[in-house]
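Printed here is data.txt (compact mmCIF, C-alpha atoms):
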```txt
# COMPACT_ATOMS: atom_id res chain seq x y z
CA MET V 1 -48.02 -34.48 79.56
CA ASN V 2 -46.54 -31.98 81.96
CA ARG V 3 -45.04 -28.81 80.55
CA GLY V 4 -41.31 -28.30 80.91
CA LEU V 5 -39.87 -25.49 82.99
CA LEU V 6 -38.09 -22.35 81.84
CA PHE V 7 -34.91 -21.62 83.80
CA VAL V 8 -33.35 -18.19 83.36
CA LEU V 9 -29.69 -17.88 84.36
CA SER V 10 -28.50 -14.32 84.78
CA GLY V 11 -26.20 -12.19 86.88
CA PRO V 12 -23.80 -9.25 86.75
CA SER V 13 -21.35 -9.08 83.85
CA GLY V 14 -18.10 -10.89 84.53
CA VAL V 15 -19.65 -13.32 87.01
CA GLY V 16 -19.12 -16.29 84.69
CA LYS V 17 -22.57 -17.00 83.22
CA GLY V 18 -21.10 -18.24 79.93
CA THR V 19 -18.56 -20.53 81.59
CA VAL V 20 -21.16 -22.04 83.92
CA CYS V 21 -23.56 -22.55 81.02
CA ALA V 22 -20.86 -24.23 78.92
CA SER V 23 -20.15 -26.57 81.81
CA LEU V 24 -23.88 -27.29 82.28
CA ARG V 25 -24.08 -28.25 78.60
CA THR V 26 -21.53 -31.01 79.08
CA LYS V 27 -23.04 -32.16 82.40
CA MET V 28 -26.70 -32.02 81.33
CA PRO V 29 -26.81 -32.84 77.63
CA GLU V 30 -30.57 -33.45 77.82
CA LEU V 31 -31.25 -29.84 78.76
CA ILE V 32 -32.39 -27.57 75.91
CA TYR V 33 -30.67 -24.21 75.55
CA SER V 34 -32.59 -21.24 74.27
CA VAL V 35 -31.30 -20.10 70.87
CA SER V 36 -31.23 -16.33 70.30
CA ALA V 37 -32.27 -14.54 67.14
CA THR V 38 -29.87 -11.95 65.72
CA THR V 39 -29.43 -9.67 62.73
CA ARG V 40 -25.66 -9.99 62.74
CA THR V 41 -23.91 -11.88 59.94
CA PRO V 42 -23.17 -15.56 60.70
CA ARG V 43 -19.50 -16.24 61.47
CA GLU V 44 -17.76 -19.15 59.84
CA GLY V 45 -19.10 -22.45 61.12
CA GLU V 46 -22.16 -20.93 62.81
CA LYS V 47 -25.40 -22.71 61.95
CA ASP V 48 -28.87 -21.20 61.73
CA GLY V 49 -31.07 -22.64 64.49
CA VAL V 50 -28.07 -23.93 66.42
CA ASN V 51 -25.87 -20.95 67.31
CA TYR V 52 -28.47 -18.35 66.43
CA PHE V 53 -31.58 -17.88 64.37
CA PHE V 54 -30.17 -15.52 61.74
CA LYS V 55 -32.69 -12.91 60.67
CA SER V 56 -32.75 -9.89 58.39
CA ARG V 57 -33.41 -6.54 60.00
CA GLU V 58 -36.91 -6.57 58.51
CA GLN V 59 -37.66 -10.05 59.82
CA PHE V 60 -36.42 -9.04 63.27
CA GLN V 61 -38.55 -5.89 63.30
CA ASP V 62 -41.57 -7.98 62.33
CA MET V 63 -40.82 -10.26 65.29
CA ILE V 64 -40.67 -7.25 67.59
CA GLN V 65 -43.99 -5.94 66.31
CA GLY V 66 -45.62 -9.36 66.43
CA ASP V 67 -44.58 -9.83 70.09
CA ALA V 68 -42.60 -12.88 68.99
CA LEU V 69 -39.64 -12.08 71.26
CA LEU V 70 -39.46 -12.52 75.04
CA GLU V 71 -36.85 -9.75 75.06
CA TYR V 72 -34.53 -8.04 72.64
CA ALA V 73 -31.79 -5.42 72.62
CA GLU V 74 -29.55 -3.69 70.09
CA TYR V 75 -25.75 -3.90 70.45
CA VAL V 76 -23.31 -2.27 68.05
CA GLY V 77 -25.94 -1.91 65.37
CA ASN V 78 -27.29 -5.47 65.56
CA TYR V 79 -30.42 -6.85 67.16
CA TYR V 80 -30.31 -9.80 69.55
CA GLY V 81 -33.41 -11.36 71.07
CA THR V 82 -35.10 -14.46 72.50
CA PRO V 83 -37.74 -15.98 70.20
CA ARG V 84 -40.84 -16.88 72.15
CA ASP V 85 -41.93 -19.78 69.90
CA PHE V 86 -38.75 -21.84 70.45
CA VAL V 87 -39.22 -21.56 74.23
CA GLU V 88 -42.94 -22.33 74.04
CA LYS V 89 -42.45 -25.32 71.73
CA THR V 90 -39.81 -26.83 74.03
CA LEU V 91 -41.94 -26.39 77.14
CA SER V 92 -45.05 -27.84 75.49
CA GLU V 93 -43.00 -30.94 74.58
CA GLY V 94 -42.46 -31.41 78.32
CA LYS V 95 -38.80 -30.45 78.14
CA ASP V 96 -36.96 -27.94 80.29
CA ILE V 97 -35.19 -25.03 78.65
CA ILE V 98 -32.48 -22.75 79.99
CA LEU V 99 -31.86 -19.20 78.92
CA GLU V 100 -28.57 -17.47 79.72
CA ILE V 101 -29.01 -13.73 79.59
CA GLU V 102 -27.79 -10.44 81.03
CA VAL V 103 -29.71 -8.79 83.82
CA GLN V 104 -31.84 -6.30 81.87
CA GLY V 105 -32.92 -9.01 79.46
CA ALA V 106 -33.84 -11.32 82.34
CA LEU V 107 -36.13 -8.67 83.82
CA LYS V 108 -37.92 -8.31 80.48
CA VAL V 109 -38.32 -12.09 80.19
CA LYS V 110 -39.83 -12.10 83.67
CA GLU V 111 -42.53 -9.63 82.58
CA LYS V 112 -43.60 -11.94 79.76
CA PHE V 113 -42.86 -15.20 81.54
CA PRO V 114 -43.46 -14.83 85.28
CA ASP V 115 -43.66 -18.64 85.66
CA GLY V 116 -39.99 -18.99 84.77
CA VAL V 117 -37.49 -19.95 87.45
CA PHE V 118 -35.03 -17.07 87.78
CA ILE V 119 -31.52 -17.88 88.97
CA PHE V 120 -29.01 -15.15 89.81
CA LEU V 121 -25.36 -16.13 89.51
CA MET V 122 -23.41 -14.36 92.26
CA PRO V 123 -19.80 -13.22 92.58
CA PRO V 124 -17.68 -15.92 94.27
CA SER V 125 -18.23 -15.15 97.92
CA LEU V 126 -19.18 -12.52 100.38
CA ASN V 127 -15.62 -12.38 101.62
CA GLU V 128 -14.42 -11.79 98.12
CA LEU V 129 -17.04 -9.10 97.69
CA ALA V 130 -15.76 -7.50 100.84
CA SER V 131 -12.14 -7.69 99.70
CA ARG V 132 -13.05 -6.45 96.22
CA LEU V 133 -14.83 -3.55 97.81
CA GLY V 134 -12.55 -2.40 100.53
CA GLY V 135 -9.54 -4.63 100.98
CA ARG V 136 -7.01 -3.41 98.47
CA GLY V 137 -5.91 -0.36 100.43
CA THR V 138 -4.94 1.60 97.34
CA GLU V 139 -8.37 2.92 96.37
CA THR V 140 -9.75 6.30 97.31
CA GLN V 141 -12.84 6.46 99.46
CA ALA V 142 -14.75 7.66 96.40
CA THR V 143 -13.79 4.50 94.49
CA ILE V 144 -14.78 2.30 97.39
CA ASP V 145 -18.08 4.11 97.77
CA HIS V 146 -18.72 3.68 94.07
CA ARG V 147 -18.02 -0.08 94.24
CA LEU V 148 -20.24 -0.36 97.28
CA SER V 149 -23.03 1.39 95.44
CA VAL V 150 -22.59 -0.92 92.40
CA ALA V 151 -22.70 -3.93 94.71
CA ARG V 152 -25.87 -2.63 96.32
CA ASP V 153 -27.46 -2.20 92.90
CA GLU V 154 -26.53 -5.76 91.95
CA ILE V 155 -27.89 -7.10 95.20
CA ASN V 156 -31.10 -5.14 94.74
CA LEU V 157 -31.56 -7.01 91.47
CA LEU V 158 -31.73 -10.20 93.51
CA TYR V 159 -35.28 -9.27 94.56
CA HIS V 160 -36.46 -10.18 91.08
CA TYR V 161 -34.95 -13.66 91.23
CA ASP V 162 -36.04 -16.91 92.85
CA TYR V 163 -32.57 -18.25 93.60
CA ALA V 164 -29.02 -17.03 94.07
CA VAL V 165 -26.17 -19.36 93.14
CA VAL V 166 -22.67 -18.42 94.24
CA ASN V 167 -20.14 -19.06 91.48
CA ASP V 168 -17.26 -19.97 93.78
CA GLN V 169 -16.40 -23.10 91.79
CA ILE V 170 -17.92 -23.91 88.43
CA ASP V 171 -18.68 -27.52 89.38
CA LEU V 172 -20.37 -26.44 92.61
CA ALA V 173 -22.37 -23.76 90.82
CA CYS V 174 -23.53 -26.35 88.26
CA LYS V 175 -24.47 -28.76 91.05
CA ARG V 176 -26.57 -26.07 92.72
CA ILE V 177 -28.32 -25.24 89.45
CA ASP V 178 -28.96 -28.94 88.88
CA ALA V 179 -30.40 -29.18 92.42
CA ILE V 180 -32.65 -26.17 91.80
CA MET V 181 -33.98 -27.83 88.64
CA THR V 182 -34.70 -31.08 90.49
CA ALA V 183 -36.32 -29.27 93.41
CA GLU V 184 -38.51 -27.13 91.13
CA HIS V 185 -39.88 -30.32 89.59
CA CYS V 186 -40.75 -31.52 93.12
CA LYS V 187 -42.76 -28.38 93.94
CA ARG V 188 -46.07 -29.40 95.37
CA GLN V 189 -48.28 -27.39 93.03
CA ARG V 190 -46.92 -29.20 89.97
CA PHE V 191 -47.87 -32.56 91.50
CA LEU V 192 -51.30 -31.43 92.56
CA HIS V 193 -52.18 -30.49 89.03
CA GLU V 194 -51.01 -33.84 87.67
CA LEU V 195 -52.55 -35.94 90.44
CA CYS V 196 -55.96 -34.32 90.22
CA ASN V 197 -56.08 -35.01 86.50
CA GLU V 198 -55.06 -38.62 87.11
CA LEU V 199 -57.66 -39.21 89.79
CA ASP V 200 -60.38 -37.63 87.67
CA ALA V 201 -59.43 -40.00 84.87
CA ILE V 202 -59.67 -43.01 87.20
CA SER V 203 -63.02 -41.90 88.60
CA THR V 204 -64.42 -41.36 85.13
CA ALA V 205 -63.15 -44.72 83.87
CA GLU V 206 -64.69 -46.53 86.83
CA ASN V 207 -68.04 -44.86 86.51
CA VAL V 208 -68.45 -45.84 82.85
CA MET B 1 -24.04 -16.86 111.21
CA ASN B 2 -27.00 -18.03 109.16
CA ARG B 3 -29.58 -20.19 110.84
CA GLY B 4 -29.97 -23.74 109.65
CA LEU B 5 -33.14 -24.97 108.01
CA LEU B 6 -35.77 -27.33 109.37
CA PHE B 7 -36.83 -30.01 106.88
CA VAL B 8 -39.92 -32.02 107.71
CA LEU B 9 -40.30 -35.34 105.90
CA SER B 10 -43.77 -36.79 106.06
CA GLY B 11 -46.25 -38.77 104.00
CA PRO B 12 -48.92 -41.45 104.19
CA SER B 13 -48.20 -44.52 106.31
CA GLY B 14 -46.46 -47.28 104.39
CA VAL B 15 -44.87 -44.91 101.89
CA GLY B 16 -41.37 -45.64 103.19
CA LYS B 17 -40.45 -42.57 105.29
CA GLY B 18 -38.33 -44.64 107.67
CA THR B 19 -36.43 -46.43 104.91
CA VAL B 20 -35.73 -43.18 103.05
CA CYS B 21 -34.60 -41.51 106.27
CA ALA B 22 -32.29 -44.42 107.11
CA SER B 23 -30.74 -44.14 103.66
CA LEU B 24 -30.38 -40.35 104.03
CA ARG B 25 -28.51 -40.92 107.28
CA THR B 26 -25.83 -42.92 105.50
CA LYS B 27 -25.68 -40.54 102.51
CA MET B 28 -25.72 -37.28 104.50
CA PRO B 29 -23.95 -37.97 107.80
CA GLU B 30 -23.62 -34.23 108.46
CA LEU B 31 -27.38 -33.79 108.64
CA ILE B 32 -28.88 -33.64 112.13
CA TYR B 33 -31.94 -35.77 112.86
CA SER B 34 -34.56 -34.58 115.28
CA VAL B 35 -34.68 -36.77 118.37
CA SER B 36 -38.16 -37.42 119.80
CA ALA B 37 -39.11 -37.40 123.45
CA THR B 38 -41.09 -40.36 124.76
CA THR B 39 -42.47 -41.76 127.97
CA ARG B 40 -42.00 -45.35 126.88
CA THR B 41 -39.33 -47.50 128.58
CA PRO B 42 -35.95 -47.61 126.80
CA ARG B 43 -35.31 -50.86 124.95
CA GLU B 44 -32.00 -52.61 125.28
CA GLY B 45 -29.23 -50.59 123.66
CA GLU B 46 -31.30 -47.41 123.27
CA LYS B 47 -29.53 -44.29 124.50
CA ASP B 48 -31.08 -41.19 125.99
CA GLY B 49 -30.55 -38.24 123.64
CA VAL B 50 -29.67 -40.51 120.73
CA ASN B 51 -32.64 -42.78 120.06
CA TYR B 52 -35.06 -40.79 122.20
CA PHE B 53 -35.13 -38.34 125.05
CA PHE B 54 -36.63 -40.62 127.69
CA LYS B 55 -38.99 -38.75 130.00
CA SER B 56 -41.30 -39.60 132.87
CA ARG B 57 -45.00 -38.97 132.33
CA GLU B 58 -44.76 -35.95 134.64
CA GLN B 59 -41.79 -34.52 132.77
CA PHE B 60 -43.61 -34.98 129.47
CA GLN B 61 -46.75 -33.30 130.76
CA ASP B 62 -44.63 -30.38 131.98
CA MET B 63 -43.18 -30.10 128.46
CA ILE B 64 -46.70 -30.04 126.99
CA GLN B 65 -47.79 -27.32 129.37
CA GLY B 66 -44.60 -25.31 128.85
CA ASP B 67 -45.09 -25.38 125.06
CA ALA B 68 -41.74 -27.18 124.85
CA LEU B 69 -42.95 -29.57 122.13
CA LEU B 70 -43.49 -28.80 118.46
CA GLU B 71 -46.04 -31.62 118.41
CA TYR B 72 -46.95 -34.66 120.48
CA ALA B 73 -49.31 -37.60 120.41
CA GLU B 74 -50.19 -40.56 122.57
CA TYR B 75 -49.89 -44.10 121.18
CA VAL B 76 -50.69 -47.24 123.16
CA GLY B 77 -50.47 -45.38 126.45
CA ASN B 78 -47.15 -43.63 125.78
CA TYR B 79 -46.43 -40.08 124.78
CA TYR B 80 -44.20 -39.24 121.83
CA GLY B 81 -43.26 -35.71 120.83
CA THR B 82 -40.75 -33.37 119.22
CA PRO B 83 -38.82 -31.20 121.69
CA ARG B 84 -38.62 -27.64 120.45
CA ASP B 85 -35.29 -26.79 122.13
CA PHE B 86 -33.29 -29.49 120.30
CA VAL B 87 -34.58 -28.17 116.97
CA GLU B 88 -33.99 -24.53 117.93
CA LYS B 89 -30.48 -25.20 119.23
CA THR B 90 -29.48 -27.02 116.04
CA LEU B 91 -30.84 -24.26 113.81
CA SER B 92 -29.18 -21.50 115.81
CA GLU B 93 -25.84 -23.32 115.37
CA GLY B 94 -26.35 -22.88 111.62
CA LYS B 95 -27.04 -26.57 111.05
CA ASP B 96 -29.93 -28.13 109.17
CA ILE B 97 -32.19 -30.57 110.94
CA ILE B 98 -34.60 -33.11 109.52
CA LEU B 99 -37.71 -34.39 111.22
CA GLU B 100 -39.42 -37.59 110.04
CA ILE B 101 -42.99 -37.62 111.17
CA GLU B 102 -46.47 -38.83 110.30
CA VAL B 103 -48.90 -36.52 108.60
CA GLN B 104 -50.90 -35.24 111.58
CA GLY B 105 -47.71 -34.43 113.46
CA ALA B 106 -46.30 -32.59 110.45
CA LEU B 107 -49.36 -30.34 110.32
CA LYS B 108 -48.92 -29.48 114.00
CA VAL B 109 -45.22 -28.71 113.46
CA LYS B 110 -46.21 -26.41 110.60
CA GLU B 111 -48.45 -24.38 112.91
CA LYS B 112 -45.54 -23.74 115.27
CA PHE B 113 -42.81 -23.64 112.62
CA PRO B 114 -44.19 -22.20 109.39
CA ASP B 115 -40.64 -21.46 108.15
CA GLY B 116 -39.88 -25.18 107.94
CA VAL B 117 -39.53 -26.84 104.56
CA PHE B 118 -42.26 -29.47 104.30
CA ILE B 119 -41.62 -32.48 102.06
CA PHE B 120 -44.32 -35.01 101.28
CA LEU B 121 -43.12 -38.48 100.37
CA MET B 122 -45.43 -39.91 97.72
CA PRO B 123 -46.42 -43.45 96.75
CA PRO B 124 -44.17 -44.75 93.95
CA SER B 125 -45.97 -43.48 90.89
CA LEU B 126 -49.25 -42.32 89.58
CA ASN B 127 -49.52 -45.48 87.53
CA GLU B 128 -49.03 -47.52 90.64
CA LEU B 129 -51.61 -45.42 92.45
CA ALA B 130 -53.98 -46.12 89.60
CA SER B 131 -53.29 -49.86 89.72
CA ARG B 132 -53.55 -49.92 93.52
CA LEU B 133 -56.90 -48.22 93.23
CA GLY B 134 -58.57 -49.95 90.40
CA GLY B 135 -56.39 -52.51 88.73
CA ARG B 136 -56.74 -55.64 90.81
CA GLY B 137 -60.09 -56.67 89.45
CA THR B 138 -61.14 -58.50 92.61
CA GLU B 139 -62.36 -55.54 94.65
CA THR B 140 -65.93 -54.41 94.94
CA GLN B 141 -66.85 -50.96 93.70
CA ALA B 142 -67.25 -49.92 97.35
CA THR B 143 -63.65 -50.91 98.09
CA ILE B 144 -62.37 -49.03 95.07
CA ASP B 145 -64.40 -45.97 95.98
CA HIS B 146 -63.02 -46.12 99.49
CA ARG B 147 -59.42 -46.30 98.21
CA LEU B 148 -60.09 -43.45 95.85
CA SER B 149 -61.41 -41.38 98.68
CA VAL B 150 -58.37 -42.22 100.85
CA ALA B 151 -56.10 -41.25 97.95
CA ARG B 152 -57.97 -37.96 97.55
CA ASP B 153 -57.52 -37.26 101.25
CA GLU B 154 -53.80 -37.95 101.00
CA ILE B 155 -53.47 -35.74 97.97
CA ASN B 156 -55.40 -32.97 99.70
CA LEU B 157 -52.74 -33.08 102.42
CA LEU B 158 -50.22 -32.08 99.76
CA TYR B 159 -51.59 -28.51 99.91
CA HIS B 160 -49.83 -28.11 103.25
CA TYR B 161 -46.43 -29.12 101.87
CA ASP B 162 -43.80 -27.31 99.86
CA TYR B 163 -42.54 -30.30 97.92
CA ALA B 164 -43.64 -33.75 96.86
CA VAL B 165 -41.01 -36.45 96.43
CA VAL B 166 -42.02 -39.67 94.71
CA ASN B 167 -40.54 -42.70 96.45
CA ASP B 168 -40.13 -44.80 93.31
CA GLN B 169 -36.54 -45.75 94.18
CA ILE B 170 -34.95 -45.00 97.52
CA ASP B 171 -31.77 -43.62 95.96
CA LEU B 172 -33.74 -41.34 93.65
CA ALA B 173 -35.95 -40.15 96.50
CA CYS B 174 -32.84 -39.35 98.57
CA LYS B 175 -31.30 -37.49 95.64
CA ARG B 176 -34.44 -35.38 95.28
CA ILE B 177 -34.48 -34.58 98.98
CA ASP B 178 -30.79 -33.66 98.80
CA ALA B 179 -31.57 -31.39 95.81
CA ILE B 180 -34.42 -29.72 97.71
CA MET B 181 -32.07 -29.02 100.61
CA THR B 182 -29.46 -27.48 98.30
CA ALA B 183 -32.06 -25.44 96.43
CA GLU B 184 -33.62 -24.15 99.65
CA HIS B 185 -30.22 -22.81 100.68
CA CYS B 186 -30.03 -20.99 97.32
CA LYS B 187 -33.39 -19.23 97.85
CA ARG B 188 -32.97 -15.57 97.12
CA GLN B 189 -34.40 -14.25 100.38
CA ARG B 190 -31.79 -16.10 102.43
CA PHE B 191 -28.99 -14.42 100.47
CA LEU B 192 -30.55 -11.00 100.67
CA HIS B 193 -30.60 -11.14 104.42
CA GLU B 194 -26.97 -12.24 104.60
CA LEU B 195 -25.72 -9.81 101.95
CA CYS B 196 -27.40 -6.79 103.45
CA ASN B 197 -25.82 -7.53 106.83
CA GLU B 198 -22.42 -7.96 105.15
CA LEU B 199 -22.65 -4.69 103.22
CA ASP B 200 -23.78 -2.82 106.30
CA ALA B 201 -20.75 -4.18 108.14
CA ILE B 202 -18.43 -3.00 105.35
CA SER B 203 -20.04 0.45 105.22
CA THR B 204 -19.75 0.83 108.97
CA ALA B 205 -16.12 -0.34 109.03
CA GLU B 206 -15.19 2.11 106.29
CA ASN B 207 -16.88 5.04 107.88
CA VAL B 208 -15.03 4.60 111.17
```

Can the structure in the file be given as structure tokens, please?
Amino acid sequence: MNRGLLFVLSGPSGVGKGTVCASLRTKMPELIYSVSATTRTPREGEKDGVNYFFKSREQFQDMIQGDALLEYAEYVGNYYGTPRDFVEKTLSEGKDIILEIEVQGALKVKEKFPDGVFIFLMPPSLNELASRLGGRGTETQATIDHRLSVARDEINLLYHYDYAVVNDQIDLACKRIDAIMTAEHCKRQRFLHELCNELDAISTAENV
Amino acid sequence: MNRGLLFVLSGPSGVGKGTVCASLRTKMPELIYSVSATTRTPREGEKDGVNYFFKSREQFQDMIQGDALLEYAEYVGNYYGTPRDFVEKTLSEGKDIILEIEVQGALKVKEKFPDGVFIFLMPPSLNELASRLGGRGTETQATIDHRLSVARDEINLLYHYDYAVVNDQIDLACKRIDAIMTAEHCKRQRFLHELCNELDAISTAENV
């Protein structure tokens, strides 16, 4: 059986990663979503293994030391991280998995999982970027320069990604992500691997 | 303006390239199809520049010598080839173009146009390949070995392609090709180029 593919959806804060992912969930119910581990207390209705894997601080630190996390970070006194075994198990079952994560986390995942497909969700459009940056007329040059520099930093991040998806409309962004998933499964090297195994099996069977 | 992309659809003879392309034409009317040049006589109803660019033998030979063809071949005494300028013009207008071509021609196009996106249309399924090769029970071992060797040759061709699309159902094959086209437009390097130009333009405008 072929392994599934890991898709990592990331992008600057405020770009709409969560909204796009929520929409993908309804459009692609067969897709598996990576479940994070956390040390924070479960909120009402949250289920272990569904919303999060809830861990004690000690358990989480053991995971860190055992290299059981693809990435982790601490926010407001709580750990959050991506358990490696859930991702690995899903992929080995031949299923795709998607991980929605902020930019720093995505870069860490890439170190441990270079075979992942990294998708950068982009601000709505270049025109909008331009108008955000310079078009309001009320900002000082220093503010504009700062925004320009932030935009350059964001764009530089793109180098680490395979794809950029503009989030101009949620449905369009989802369609593009869906297309990327389909296309990645059509990549030649994945077929070669499968076909060579198949032909070897035929040759062997015939020579018995 | 961004350049369009050249998509090359190829694959072994009999795999259904023509049928898939005809279906793509109805599903994606905005896509431009490469028009071949030929020295053969126009058939009734065929239009110059639509079905083919009809050329005299001298004109065609001038095109060969002027490197005006991405590839060409001679069949049954007539030349057929892909004019470079039609492809270049379409791309420079920011439009995508698709070229349906047999395998040897595709390899020649790749030499001249390595930036093209090369899609290999595959026989329906690995199971079917297996049954075609060995399952009929009436063939001699020599016949089976020959088929196996042909299949290996076809599969080896895959190394030259970016994608493999299984032609199990025409609609599915078209959907995959459509997805590949969308995904290729989302490739990070295409955005980087565009974004850097855009930001440079903003910086320049602001510093005036």

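Residue nearest chain V, chosen from B:Lys47, B:Leu121, B:Ala201, B:Val165 and counting all atoms listed in the file: B:Val165.
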
Contact residues (chain V, partner chain B, 7 Å, all atoms listed in the file) as an MDAnalysis selection string:
chainID V and resid 130 158 161:165 176 179:180 182:183 186:188 191 202

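The gap separating atom CA of Glu88 of chain V from atom CA of Asn197 of chain V is 22.1 Å, in Å to one decimal.
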
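The two atoms in question, atom CA of Val117 of chain V and atom CA of Val117 of chain B, are spaced 18.6 Å apart.
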
Would you work out the distance separating atom CA of Thr140 of chain B from atom CA of Gly11 of chain B, expressed in Å to one decimal?
26.7 Å

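Residues lying at most 10 Å from (-39.8, -24.6, 111.8) in file coordinates, with all atoms listed in the file considered, are Leu5, Leu6, Phe7, Val8, Leu70, Arg84, Val87, Glu88, Leu91, Ile97, Val109, Lys110, Glu111, Lys112, Phe113, Pro114, Asp115, Gly116, Val117 and Phe118 of chain B.
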